[in-house]
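Shown below: query-v5.txt, with compact mmCIF, C-alpha atoms.
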# COMPACT_ATOMS: atom_id res chain seq x y z
CA MET A 1 11.07 -1.21 10.34
CA ASN A 2 11.78 -2.52 6.86
CA PRO A 3 12.22 -6.33 7.02
CA ILE A 4 15.46 -6.08 5.01
CA TYR A 5 17.18 -4.76 8.15
CA PHE A 6 16.89 -8.21 9.74
CA LEU A 7 19.88 -9.15 7.57
CA LEU A 8 22.00 -7.24 10.09
CA ILE A 9 21.69 -10.28 12.36
CA ILE A 10 24.18 -12.17 10.15
CA PRO A 11 27.27 -9.94 10.64
CA LEU A 12 26.06 -9.28 14.18
CA LEU A 13 26.45 -12.94 15.14
CA ALA A 14 29.28 -13.98 12.79
CA PRO A 15 32.29 -13.24 15.08
CA PHE A 16 30.68 -14.95 18.08
CA LEU A 17 29.77 -18.02 16.02
CA VAL A 18 33.47 -18.29 15.15
CA LEU A 19 34.35 -18.24 18.85
CA PHE A 20 31.71 -20.87 19.57
CA PHE A 21 32.73 -23.34 16.87
CA THR A 22 36.47 -22.92 17.53
CA LYS A 23 35.81 -23.41 21.25
CA ARG A 24 37.45 -20.10 22.18
CA PHE A 25 34.47 -18.41 23.75
CA LYS A 26 36.60 -16.78 26.43
CA VAL A 27 36.67 -13.36 28.02
CA GLU A 28 39.99 -12.37 26.43
CA ASN A 29 38.53 -12.99 22.94
CA MET A 30 35.34 -10.98 23.45
CA LEU A 31 36.79 -7.50 22.90
CA PRO A 32 38.16 -8.10 19.37
CA ALA A 33 34.98 -10.02 18.48
CA LEU A 34 32.89 -7.09 19.67
CA GLY A 35 34.95 -4.68 17.53
CA ILE A 36 34.51 -6.80 14.41
CA MET A 37 30.80 -7.18 15.12
CA LEU A 38 30.24 -3.42 15.47
CA GLY A 39 32.30 -2.54 12.38
CA SER A 40 30.69 -5.07 10.04
CA THR A 41 27.14 -4.41 11.29
CA LEU A 42 27.55 -0.65 11.02
CA ALA A 43 28.94 -0.95 7.47
CA LEU A 44 26.07 -3.15 6.31
CA GLY A 45 23.50 -0.98 8.09
CA LEU A 46 24.74 2.15 6.31
CA ILE A 47 24.64 0.42 2.92
CA ILE A 48 21.11 -0.89 3.44
CA GLY A 49 20.00 2.53 4.71
CA LEU A 50 21.35 4.27 1.62
CA ILE A 51 19.64 1.80 -0.71
CA VAL A 52 16.30 1.98 1.13
CA ASN A 53 16.51 5.79 1.22
CA HIS A 54 17.18 5.82 -2.53
CA THR A 55 13.82 4.12 -3.17
CA THR A 56 11.99 7.13 -1.69
CA GLN A 57 13.94 9.89 -3.46
CA ASP A 58 11.80 11.77 -5.97
CA ARG A 59 11.52 15.07 -7.86
CA GLU A 60 8.58 17.42 -8.04
CA VAL A 61 7.96 20.49 -10.20
CA LEU A 62 7.78 23.91 -8.54
CA ASN A 63 6.29 26.84 -10.43
CA GLY A 64 6.90 30.57 -10.31
CA PHE A 65 7.47 33.48 -12.67
CA VAL A 66 10.05 35.86 -14.13
CA THR A 67 10.60 38.84 -11.82
CA THR A 68 13.19 41.05 -13.57
CA LYS A 69 15.89 41.03 -16.22
CA GLU A 70 19.34 42.55 -15.97
CA ILE A 71 22.51 43.16 -17.96
CA ASN A 72 25.83 42.90 -16.13
CA ARG A 73 28.54 44.86 -17.95
CA PHE A 74 32.15 44.69 -16.76
CA THR A 75 35.63 45.75 -17.91
CA CYS A 76 38.48 43.38 -18.68
CA PRO A 77 41.78 44.78 -17.30
CA VAL A 78 44.93 42.70 -17.62
CA ASN A 79 45.68 40.17 -14.87
CA THR A 80 42.58 40.72 -12.76
CA GLY A 81 39.91 38.39 -11.54
CA ASN A 82 36.78 39.07 -13.59
CA PRO A 83 34.07 37.19 -15.50
CA CYS A 84 35.55 38.04 -18.90
CA GLU A 85 35.51 34.97 -21.15
CA ASN A 86 37.89 35.95 -23.95
CA GLY A 87 41.29 35.84 -22.28
CA TYR A 88 44.55 34.80 -23.91
CA ASP A 89 48.26 34.66 -22.97
CA CYS A 90 50.24 37.81 -23.75
CA ASN A 91 53.49 39.63 -22.83
CA CYS A 92 55.24 36.31 -22.28
CA HIS A 93 58.77 36.46 -20.85
CA THR A 94 61.34 34.14 -19.31
CA VAL A 95 61.91 34.20 -15.57
CA THR A 96 64.95 32.64 -13.86
CA TYR A 97 64.92 31.28 -10.33
CA SER A 98 67.06 29.21 -7.99
CA CYS A 99 66.10 25.56 -8.05
CA GLY A 100 69.12 23.75 -6.56
CA THR A 101 70.27 23.02 -3.03
CA ASP A 102 72.74 24.75 -0.73
CA LYS A 103 75.46 22.26 -1.71
CA SER A 104 74.56 22.23 -5.39
CA PRO A 105 73.06 25.58 -6.44
CA GLN A 106 71.33 25.65 -9.82
CA THR A 107 69.43 28.17 -11.86
CA CYS A 108 66.23 27.25 -13.68
CA SER A 109 63.95 29.21 -15.98
CA LYS A 110 60.28 29.24 -16.86
CA THR A 111 57.95 31.22 -19.10
CA GLU A 112 55.36 33.50 -17.51
CA CYS A 113 52.57 35.29 -19.34
CA ASP A 114 50.01 37.95 -18.58
CA THR A 115 46.32 37.40 -19.29
CA CYS A 116 45.00 39.86 -21.83
CA TYR A 117 41.50 40.07 -23.27
CA ARG A 118 40.17 40.50 -26.76
CA TYR A 119 37.68 43.14 -25.65
CA ALA A 120 37.90 46.09 -23.27
CA TRP A 121 34.51 45.08 -21.84
CA GLU A 122 32.02 42.25 -21.98
CA GLN A 123 28.50 41.74 -20.67
CA ASN A 124 26.18 38.95 -19.55
CA PHE A 125 22.41 38.73 -19.63
CA TYR A 126 20.40 37.39 -16.70
CA ILE A 127 16.77 36.56 -15.98
CA ASP A 128 15.65 36.64 -12.36
CA SER A 129 13.03 34.26 -10.96
CA SER A 130 10.61 34.24 -8.04
CA LEU A 131 11.87 30.71 -7.27
CA GLN A 132 15.66 31.23 -7.23
CA GLY A 133 16.09 34.99 -6.86
CA GLU A 134 18.53 37.23 -8.74
CA ARG A 135 20.54 35.99 -11.71
CA ALA A 136 18.71 32.68 -11.74
CA TYR A 137 19.38 32.14 -15.44
CA LYS A 138 22.36 33.29 -17.48
CA ILE A 139 21.28 33.54 -21.12
CA SER A 140 23.84 32.43 -23.71
CA ARG A 141 25.54 35.21 -25.66
CA VAL A 142 24.91 35.67 -29.36
CA ASP A 143 28.46 36.97 -29.93
CA ASP A 144 31.67 36.47 -27.97
CA GLN A 145 31.63 39.92 -26.37
CA GLY A 146 27.92 40.05 -25.55
CA ALA A 147 27.46 43.26 -27.51
CA ILE A 148 24.38 41.84 -29.27
CA THR A 149 21.28 41.40 -27.13
CA PRO A 150 20.11 37.76 -27.25
CA PRO A 151 16.54 37.45 -28.58
CA ARG A 152 15.83 34.92 -25.79
CA TRP A 153 16.59 37.57 -23.17
CA LYS A 154 14.84 40.37 -25.07
CA ASN A 155 11.59 38.40 -25.45
CA ALA A 156 11.39 37.40 -21.78
CA LYS A 157 8.82 39.39 -19.82
CA HIS A 158 7.94 39.95 -16.20
CA GLY A 159 5.38 37.33 -15.17
CA ASP A 160 6.47 34.66 -17.67
CA PRO A 161 6.06 31.13 -16.23
CA VAL A 162 9.15 29.58 -14.63
CA SER A 163 9.48 25.95 -13.55
CA ILE A 164 12.20 24.07 -11.70
CA THR A 165 12.52 20.55 -10.32
CA HIS A 166 13.00 19.96 -6.61
CA SER A 167 14.26 16.80 -4.90
CA TYR A 168 12.40 15.51 -1.87
CA THR A 169 11.67 12.33 0.08
CA ASN A 170 8.51 10.72 -1.27
CA TYR A 171 7.27 8.00 1.09
CA ILE A 172 4.42 7.25 -1.33
CA LEU A 173 6.95 6.18 -3.95
CA GLY A 174 8.03 3.10 -2.03
CA ALA A 175 4.49 2.05 -1.04
CA VAL A 176 2.74 2.20 -4.41
CA ASP A 177 2.22 -1.57 -4.58
CA SER A 178 0.32 -1.58 -1.31
CA LEU A 179 -1.58 1.70 -1.83
CA PHE A 180 -2.71 0.95 -5.38
CA SER A 181 -2.65 -2.83 -5.54
CA GLU A 182 -6.15 -2.86 -7.07
CA ASP A 183 -4.87 -0.83 -10.03
CA GLY A 184 -2.45 -3.54 -11.15
CA LYS A 185 -4.90 -5.01 -13.69
CA SER A 186 -5.58 -1.59 -15.20
CA GLU A 187 -1.87 -0.89 -15.51
CA GLU A 188 -1.35 -4.22 -17.27
CA LYS A 189 -4.29 -3.48 -19.57
CA TYR A 190 -2.90 -0.14 -20.77
CA LYS A 191 0.83 -0.65 -20.27
CA ALA A 192 1.57 -0.28 -24.00
CA ILE A 193 0.13 3.26 -24.17
CA ILE A 194 0.84 4.73 -20.72
CA PRO A 195 2.85 7.95 -21.32
CA ALA A 196 5.91 9.13 -19.41
CA TYR A 197 5.52 11.56 -16.54
CA PRO A 198 6.15 15.14 -17.81
CA ILE A 199 9.10 16.52 -15.86
CA ASN A 200 11.73 17.47 -18.45
CA ILE A 201 12.82 21.12 -18.26
CA TYR A 202 13.91 22.77 -21.52
CA ASP A 203 14.80 26.29 -22.69
CA TYR A 204 16.10 27.22 -19.23
CA TYR A 205 12.82 27.03 -17.29
CA ARG A 206 10.01 25.71 -19.47
CA ILE A 207 8.10 22.45 -19.25
CA ASP A 208 5.24 20.87 -21.24
CA ARG A 209 2.43 19.52 -19.07
CA LEU A 210 -0.05 18.38 -21.70
CA VAL A 211 0.00 14.62 -22.18
CA THR A 212 -1.97 13.04 -25.04
CA VAL A 213 -2.83 9.39 -25.67
CA GLY A 214 -4.27 7.99 -28.87
CA LYS A 215 -5.42 10.02 -31.87
CA VAL A 216 -5.80 13.39 -30.16
CA ASN A 217 -5.77 16.38 -32.50
CA VAL A 218 -5.13 19.50 -30.42
CA ASP A 219 -2.89 22.57 -30.57
CA ARG A 220 -0.22 21.36 -28.16
CA LYS A 221 1.55 24.73 -27.99
CA ALA A 222 -1.66 26.55 -27.05
CA TRP A 223 -2.50 23.98 -24.39
CA ASN A 224 0.97 24.03 -22.81
CA GLU A 225 1.07 27.83 -22.79
CA SER A 226 -2.36 27.98 -21.15
CA ILE A 227 -1.38 25.48 -18.45
CA SER A 228 1.88 27.32 -17.74
CA ARG A 229 0.09 30.68 -17.56
CA ILE A 230 -2.35 29.59 -14.86
CA LEU A 231 0.54 28.15 -12.82
CA VAL A 232 1.99 31.66 -12.48
CA GLN A 233 -0.80 32.13 -9.92
CA VAL A 234 -1.55 28.58 -8.77
CA GLY A 235 2.14 27.72 -8.30
CA PRO A 236 3.15 30.45 -5.83
CA ARG A 237 -0.18 30.52 -3.98
CA LYS A 238 -0.84 26.78 -3.70
CA GLN A 239 2.64 25.27 -4.35
CA ALA A 240 0.87 23.07 -6.89
CA ASN A 241 1.72 21.56 -10.27
CA ILE A 242 -0.95 20.86 -12.89
CA ILE A 243 -0.90 18.12 -15.52
CA VAL A 244 -3.60 17.60 -18.16
CA VAL A 245 -3.99 14.16 -19.76
CA ILE A 246 -6.22 13.96 -22.85
CA ALA A 247 -6.82 10.34 -23.86
CA GLU A 248 -8.75 8.98 -26.83
CA GLY A 249 -10.22 5.50 -27.06
CA VAL A 250 -9.77 4.47 -23.40
CA ASP A 251 -12.09 3.93 -20.45
CA MET A 252 -12.07 5.73 -17.11
CA ASP A 253 -9.88 3.04 -15.51
CA PHE A 254 -7.04 4.46 -17.63
CA ALA A 255 -6.63 7.12 -14.92
CA ASN A 256 -5.96 4.40 -12.33
CA ALA A 257 -3.41 2.77 -14.61
CA VAL A 258 -1.54 6.06 -15.07
CA ARG A 259 -1.58 6.78 -11.34
CA ARG A 260 0.06 3.44 -10.58
CA ALA A 261 2.57 3.72 -13.45
CA TRP A 262 3.49 7.25 -12.32
CA ARG A 263 4.11 5.90 -8.82
CA GLY A 264 1.17 7.70 -7.22
CA PHE A 265 2.04 11.18 -8.57
CA LYS A 266 3.91 13.88 -6.62
CA LYS A 267 2.51 15.40 -3.45
CA ASN A 268 1.79 18.74 -5.18
CA ASP A 269 0.26 17.35 -8.40
CA ILE A 270 -3.24 18.04 -9.68
CA VAL A 271 -3.73 15.63 -12.59
CA VAL A 272 -6.83 16.28 -14.71
CA PHE A 273 -7.83 13.44 -17.07
CA ALA A 274 -10.12 14.03 -20.03
CA GLY A 275 -11.38 11.07 -22.07
CA VAL A 276 -12.44 12.01 -25.60
CA ASP A 277 -13.89 10.20 -28.59
CA ALA A 278 -12.56 10.18 -32.15
CA ALA A 279 -14.11 13.63 -32.76
CA GLY A 280 -12.34 15.11 -29.73
CA LYS A 281 -15.51 15.44 -27.62
CA LEU A 282 -15.41 14.83 -23.88
CA THR A 283 -16.84 11.47 -22.78
CA TRP A 284 -15.47 11.23 -19.22
CA THR A 285 -13.21 13.12 -16.82
CA ARG A 286 -11.32 12.32 -13.65
CA THR A 287 -9.15 14.45 -11.35
CA MET A 288 -6.56 13.02 -8.96
CA SER A 289 -4.48 14.82 -6.34
CA TRP A 290 -3.19 14.46 -2.77
CA SER A 291 -5.07 17.56 -1.64
CA LYS A 292 -6.13 17.61 2.01
CA ALA A 293 -9.59 18.59 0.81
CA SER A 294 -10.80 15.99 -1.70
CA LEU A 295 -13.41 18.54 -2.72
CA VAL A 296 -10.99 19.86 -5.34
CA ASN A 297 -11.21 16.56 -7.25
CA ILE A 298 -14.99 16.41 -7.12
CA ARG A 299 -15.52 20.06 -8.07
CA MET A 300 -13.04 19.76 -10.94
CA GLU A 301 -14.85 16.75 -12.41
CA ASN A 302 -18.28 18.36 -12.05
CA GLN A 303 -17.14 21.61 -13.66
CA MET A 304 -15.55 19.84 -16.62
CA LEU A 305 -18.62 17.70 -17.27
CA GLU A 306 -20.86 20.72 -17.04
CA LEU A 307 -18.79 22.75 -19.51
CA PHE A 308 -17.54 20.15 -21.99
CA SER A 309 -19.62 16.96 -21.83
CA GLY A 310 -20.19 15.94 -25.47
CA LYS A 311 -18.21 18.98 -26.65
CA VAL A 312 -14.72 19.64 -28.01
CA LEU A 313 -12.25 20.84 -25.39
CA GLU A 314 -11.10 24.47 -25.57
CA PRO A 315 -7.71 25.12 -23.92
CA VAL A 316 -8.23 28.60 -22.41
CA LEU A 317 -11.65 27.85 -20.86
CA PHE A 318 -10.45 24.42 -19.71
CA THR A 319 -7.34 25.73 -17.98
CA GLU A 320 -9.11 28.76 -16.49
CA THR A 321 -11.58 26.36 -14.91
CA VAL A 322 -8.67 24.31 -13.52
CA LYS A 323 -7.15 27.49 -12.08
CA LYS A 324 -10.40 28.63 -10.47
CA VAL A 325 -11.10 25.29 -8.77
CA SER A 326 -7.48 24.78 -7.71
CA LEU A 327 -7.20 28.20 -6.09
CA ALA A 328 -10.49 27.66 -4.27
CA HIS A 329 -10.06 24.11 -2.97
CA PHE A 330 -6.55 22.66 -3.31
CA GLU A 331 -4.62 22.22 -0.04
CA ARG A 332 -1.10 20.88 -0.40
CA ARG A 333 -0.05 18.17 2.02
CA SER A 334 3.27 17.88 3.81
CA MET A 335 5.20 14.68 3.20
CA ASP A 336 5.41 14.29 6.98
CA GLU A 337 1.80 13.13 6.81
CA PHE A 338 2.94 10.10 4.81
CA GLU A 339 5.91 9.20 7.01
CA TYR A 340 4.02 6.14 8.25
CA LEU A 341 4.61 4.62 4.80
CA LYS A 342 8.42 4.71 5.00
CA ASP A 343 8.65 1.15 6.37
CA GLN A 344 6.58 -0.14 3.44
CA ALA A 345 9.20 0.83 0.88
CA LYS A 346 9.65 -2.09 -1.48
CA LEU A 347 13.07 -2.74 -2.96
CA SER A 348 13.54 -3.83 -6.55
CA ASP A 349 14.82 -7.32 -7.30
CA THR A 350 18.19 -5.87 -8.33
CA GLN A 351 18.51 -3.91 -5.08
CA THR A 352 17.59 -6.98 -3.03
CA VAL A 353 20.19 -9.13 -4.82
CA TRP A 354 22.91 -6.52 -4.23
CA ILE A 355 22.04 -6.27 -0.54
CA TRP A 356 22.29 -10.06 -0.20
CA ILE A 357 25.65 -10.09 -2.01
CA LEU A 358 27.03 -7.34 0.23
CA THR A 359 25.66 -9.08 3.33
CA ILE A 360 27.49 -12.26 2.40
CA LEU A 361 30.74 -10.43 1.59
CA ILE A 362 30.71 -8.42 4.82
CA SER A 363 29.83 -11.50 6.89
CA VAL A 364 32.62 -13.53 5.28
CA GLY A 365 34.97 -10.65 6.00
CA ALA A 366 33.87 -10.63 9.64
CA VAL A 367 34.48 -14.39 9.93
CA ALA A 368 37.88 -14.13 8.26
CA GLY A 369 38.85 -11.22 10.49
CA GLN A 370 37.93 -13.11 13.63
CA LEU A 371 39.80 -16.22 12.51
CA HIS A 372 42.83 -14.09 11.72
CA LEU A 373 42.84 -12.61 15.24
CA LEU A 374 42.64 -16.13 16.63
CA GLU A 375 45.46 -17.15 14.29
CA ALA A 376 43.22 -19.92 13.03
CA LEU A 377 42.73 -18.76 9.47
CA PRO A 378 43.28 -21.74 7.12
CA PHE A 379 46.41 -21.68 4.91
CA ALA A 380 47.81 -18.66 6.82
CA THR A 381 51.18 -18.48 8.60
CA TYR A 382 51.75 -16.20 11.56
CA PRO A 383 55.23 -14.82 12.40
CA GLU A 384 56.37 -13.93 15.88
CA ARG A 385 54.58 -10.73 16.90
CA TYR A 386 53.23 -8.85 19.86
CA ASN A 387 50.08 -10.47 21.25
CA PRO A 388 48.10 -7.72 23.08
CA PHE A 389 45.01 -9.83 23.74
CA GLY A 390 46.76 -12.86 25.21
CA LEU A 391 45.48 -15.18 22.49
CA PRO A 392 46.47 -18.87 22.71
CA ASP A 393 49.67 -19.63 20.82
CA ARG A 394 48.69 -22.26 18.23
CA ARG A 395 51.72 -21.78 15.99
CA PRO A 396 54.13 -24.68 15.40
CA ARG A 397 57.20 -24.54 17.64
CA VAL A 398 60.54 -23.81 15.96
CA PRO A 399 63.41 -26.07 17.21
CA SER A 400 65.94 -24.13 19.29
CA PRO A 401 69.78 -24.78 19.50
CA GLN A 402 69.29 -26.27 22.98
CA MET A 403 66.77 -28.73 21.56
CA PHE A 404 69.29 -29.84 18.87
CA ALA A 405 72.02 -30.31 21.55
CA ARG A 406 69.68 -32.45 23.66
CA VAL A 407 68.82 -34.64 20.67
CA ASN A 408 72.53 -35.14 19.83
CA ARG A 409 73.29 -36.20 23.41
CA ASN A 410 70.52 -38.76 23.29
CA LYS A 411 71.88 -40.17 20.04
CA SER A 412 75.43 -40.59 21.49
CA ARG A 413 74.14 -42.84 24.26
CA PHE A 414 73.14 -45.49 21.76
CA ARG A 415 76.18 -45.20 19.50
CA LEU A 416 78.21 -48.40 19.27
In structure tokens, what does this structure look like?
Amino acid sequence: MNPIYFLLIIPLLAPFLVLFFTKRFKVENMLPALGIMLGSTLALGLIIGLIVNHTTQDREVLNGFVTTKEINRFTCPVNTGNPCENGYDCNCHTVTYSCGTDKSPQTCSKTECDTCYRYAWEQNFYIDSSLQGERAYKISRVDDQGAITPPRWKNAKHGDPVSITHSYTNYILGAVDSLFSEDGKSEEKYKAIIPAYPINIYDYYRIDRLVTVGKVNVDRKAWNESISRILVQVGPRKQANIIVVIAEGVDMDFANAVRRAWRGFKKNDIVVFAGVDAAGKLTWTRTMSWSKASLVNIRMENQMLELFSGKVLEPVLFTETVKKVSLAHFERRSMDEFEYLKDQAKLSDTQTVWIWILTILISVGAVAGQLHLLEALPFATYPERYNPFGLPDRRPRVPSPQMFARVNRNKSRFRL
């Protein structure tokens, strides 16, 4: 269990500490104290659970391909439910109706209009995906009616790479400091040049997976297209995502620094590092993944050294080699295998401060609530009211008429 949950002891004990220090630890006071204890502890537990769960929420990239394309053409009759986008108010007229009461009848009026359309028909353009099914992507129209075929839709082909992001619980994310503690020095060494993790989707379903560091002179478009093309096969068959990092002027420990900065990668990542010199020739390589069979990492490194050691990298041959090794040896893990790490999730300083603040506020609320039930809350006055729990009456007594009469009789005895 995460140690932060021990904070639940504070609201758990708060109502009973009030009973102890006010010397009202009696059976009749236990039921309301128990209710306050359960409510405050449950509220704090839910808040802490949500914050801890947030530290393990992550996104991974899933890869597929375009399956089909379709055009959906439809008519636009007046006053009907349809996907037509060019409607406007027409045939407006005034309608009268009764708006008064039975005793005071009145007649009101309002304007009602039909919905007409600028075109007798319109059409939309869709691209279907192996990941989401039919009509996965609606392509923007070139004109209002959709009469002109969008070039983006026309150029799409069956088998084109498609990528989406998928949310999942990543237990590795919260345990990076313990899993990769030895990589802290490397991360500090290269922190100024560590790139961002490539996960941004653009142009509906495309993503760039080539990451370069230093003075790397490569055709980025050719590299990204080659990586995406091999994922049309590797993605569906192995549920994998491939990232290529080409770094110039760094040592092999740069891979460790990136792994720690990227929070241990995603469970389906195959990250291939290639260290190059100023001329773009391969000097070292490293492959990292969470594959069940670590053989994929070893084979990938050996193949790359054999093909490109001391040579300039070529995108098609490089990525085809990645595809061949990945299909042969990569075995995707289930996140259930990392569930043992969930209690090692480390909260950020900001999250910890907020949890402490909320713990204090909820505990103070529990104390105040208990004092209120005991009618012992400082600076509070309590009117006459029903007392279902039989609490002791600590309110000041209000003088009654009989009391005033008794006092006046006592005064008359001593009057001269």
Review point. Do you know which residues are at most 9 Å from Ile230 (chain A) counting only C-alpha atoms, after dropping those on the same chain fewer than 5 positions away, and could you put them as an MDAnalysis selection string?
Key: chainID A and resid 161 225 235 319:320 322:323
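The space between CA of Leu62 (chain A) and CA of Ile242 (chain A) spans 10.2 Å.
When all atoms listed in the file are used to measure the gap to Val271 (chain A), the shortest distance among A:Thr283, A:Ser291, A:Thr111, A:Asn86 belongs to A:Ser291.
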Exercise for review: Name all residues at most 9 Å from Tyr5 (chain A) (count all atoms listed in the file; drop same-chain ones fewer than 6 positions away) and give them as an NGL selection string.
Suggested key: :A and (45 or 48-49)
Export of the given selection (C-alpha atoms) as a PDB file, in the coordinates of the input:
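out-v3.pdb written:
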ATOM      1  CA  GLY A  45      23.500  -0.980   8.090  1.00  0.00           C
ATOM      2  CA  ILE A  48      21.110  -0.890   3.440  1.00  0.00           C
ATOM      3  CA  GLY A  49      20.000   2.530   4.710  1.00  0.00           C
TER       4      GLY A  49
END
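Within 12 Å of the point (24.7, -4.9, -5.4), and counting all atoms listed in the file, the protein, DNA and RNA residues are Leu44, Ile47, Ile48, Ile51, Ser348, Asp349, Thr350, Gln351, Thr352, Val353, Trp354, Ile355, Trp356, Ile357, Leu358, Thr359, Ile360 and Leu361 of chain A.
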Save the residues we just selected, C-alpha atoms, as a CSV table (one decimal), in the coordinates of the input?
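Output saved as again04.csv:
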chain,number,residue,atom,x,y,z
A,44,LEU,CA,26.1,-3.2,6.3
A,47,ILE,CA,24.6,0.4,2.9
A,48,ILE,CA,21.1,-0.9,3.4
A,51,ILE,CA,19.6,1.8,-0.7
A,348,SER,CA,13.5,-3.8,-6.6
A,349,ASP,CA,14.8,-7.3,-7.3
A,350,THR,CA,18.2,-5.9,-8.3
A,351,GLN,CA,18.5,-3.9,-5.1
A,352,THR,CA,17.6,-7.0,-3.0
A,353,VAL,CA,20.2,-9.1,-4.8
A,354,TRP,CA,22.9,-6.5,-4.2
A,355,ILE,CA,22.0,-6.3,-0.5
A,356,TRP,CA,22.3,-10.1,-0.2
A,357,ILE,CA,25.6,-10.1,-2.0
A,358,LEU,CA,27.0,-7.3,0.2
A,359,THR,CA,25.7,-9.1,3.3
A,360,ILE,CA,27.5,-12.3,2.4
A,361,LEU,CA,30.7,-10.4,1.6
Check your understanding: To one decimal place, how far is CA of Leu307 (chain A) from CA of Ile270 (chain A) in Å?
Key -> 19.0 Å
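Going from CA of Lys69 (chain A) over to CA of Ser228 (chain A), you cover 19.7 Å.
Here the question is which of A:Trp262, A:Tyr190, A:Tyr137, A:Phe20 gets nearest to Val66 (chain A) using all atoms listed in the file, and that residue is A:Tyr137.
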**Study point:** Ile227 (chain A) surroundings by only C-alpha atoms, 12 Å radius, close-in-sequence under 6 positions cut, as a ChimeraX atom specification
**Key:** /A:63,161-163,206-211,220-221,233-235,241-245,270-272,315-323
Let me have the centre and edge lengths of the axis-aligned box enclosing all listed atoms of region 24-30 of chain A with 6 Å padding on every side, in Å to one decimal, as AutoDock Vina command-line options.
--center_x 37.2 --center_y -15.5 --center_z 25.1 --size_x 17.5 --size_y 21.1 --size_z 17.8
Practice item. Could you please give me, as a ChimeraX atom specification, the residues of protein, DNA or RNA lying at most 12 Å from (-5.7, 12.5, -29.3) in the coordinate frame of the file, considering only C-alpha atoms? Key: /A:210-220,245-250,274-282,312-313
Exercise for review: Pick out the closest residue to Glu85 (chain A) from this set: A:Lys103, A:Arg141, A:His329, A:Arg59. Count all atoms listed in the file.
Suggested key: A:Arg141
Practice item. Measuring atom to atom with all atoms listed in the file, identify which of A:Phe74, A:Phe25, A:Phe16, A:Tyr197 is nearest to Tyr119 (chain A). Key: A:Phe74
Review point. Region 172-182 of chain A: which residues within 10 Å, counting only C-alpha atoms, same-chain residues fewer than 2 positions away excluded, as a PyMOL selection string?
Key: chain A and resi 52-58+169-170+184-187+256-257+259-267+335+338-348
Review point. Which is closer to Lys292 (chain A) than all the others in A:Ser40, A:Tyr97, A:Glu331, A:Asp203, using only C-alpha atoms?
Key: A:Glu331
Check your understanding: Which residues, written as a VMD selection string, have at least one atom at most 10 Å from Thr80 (chain A), with all atoms listed in the file counted and residues fewer than 6 positions away on the same chain left out?
Key -> chain A and resid 114 to 116
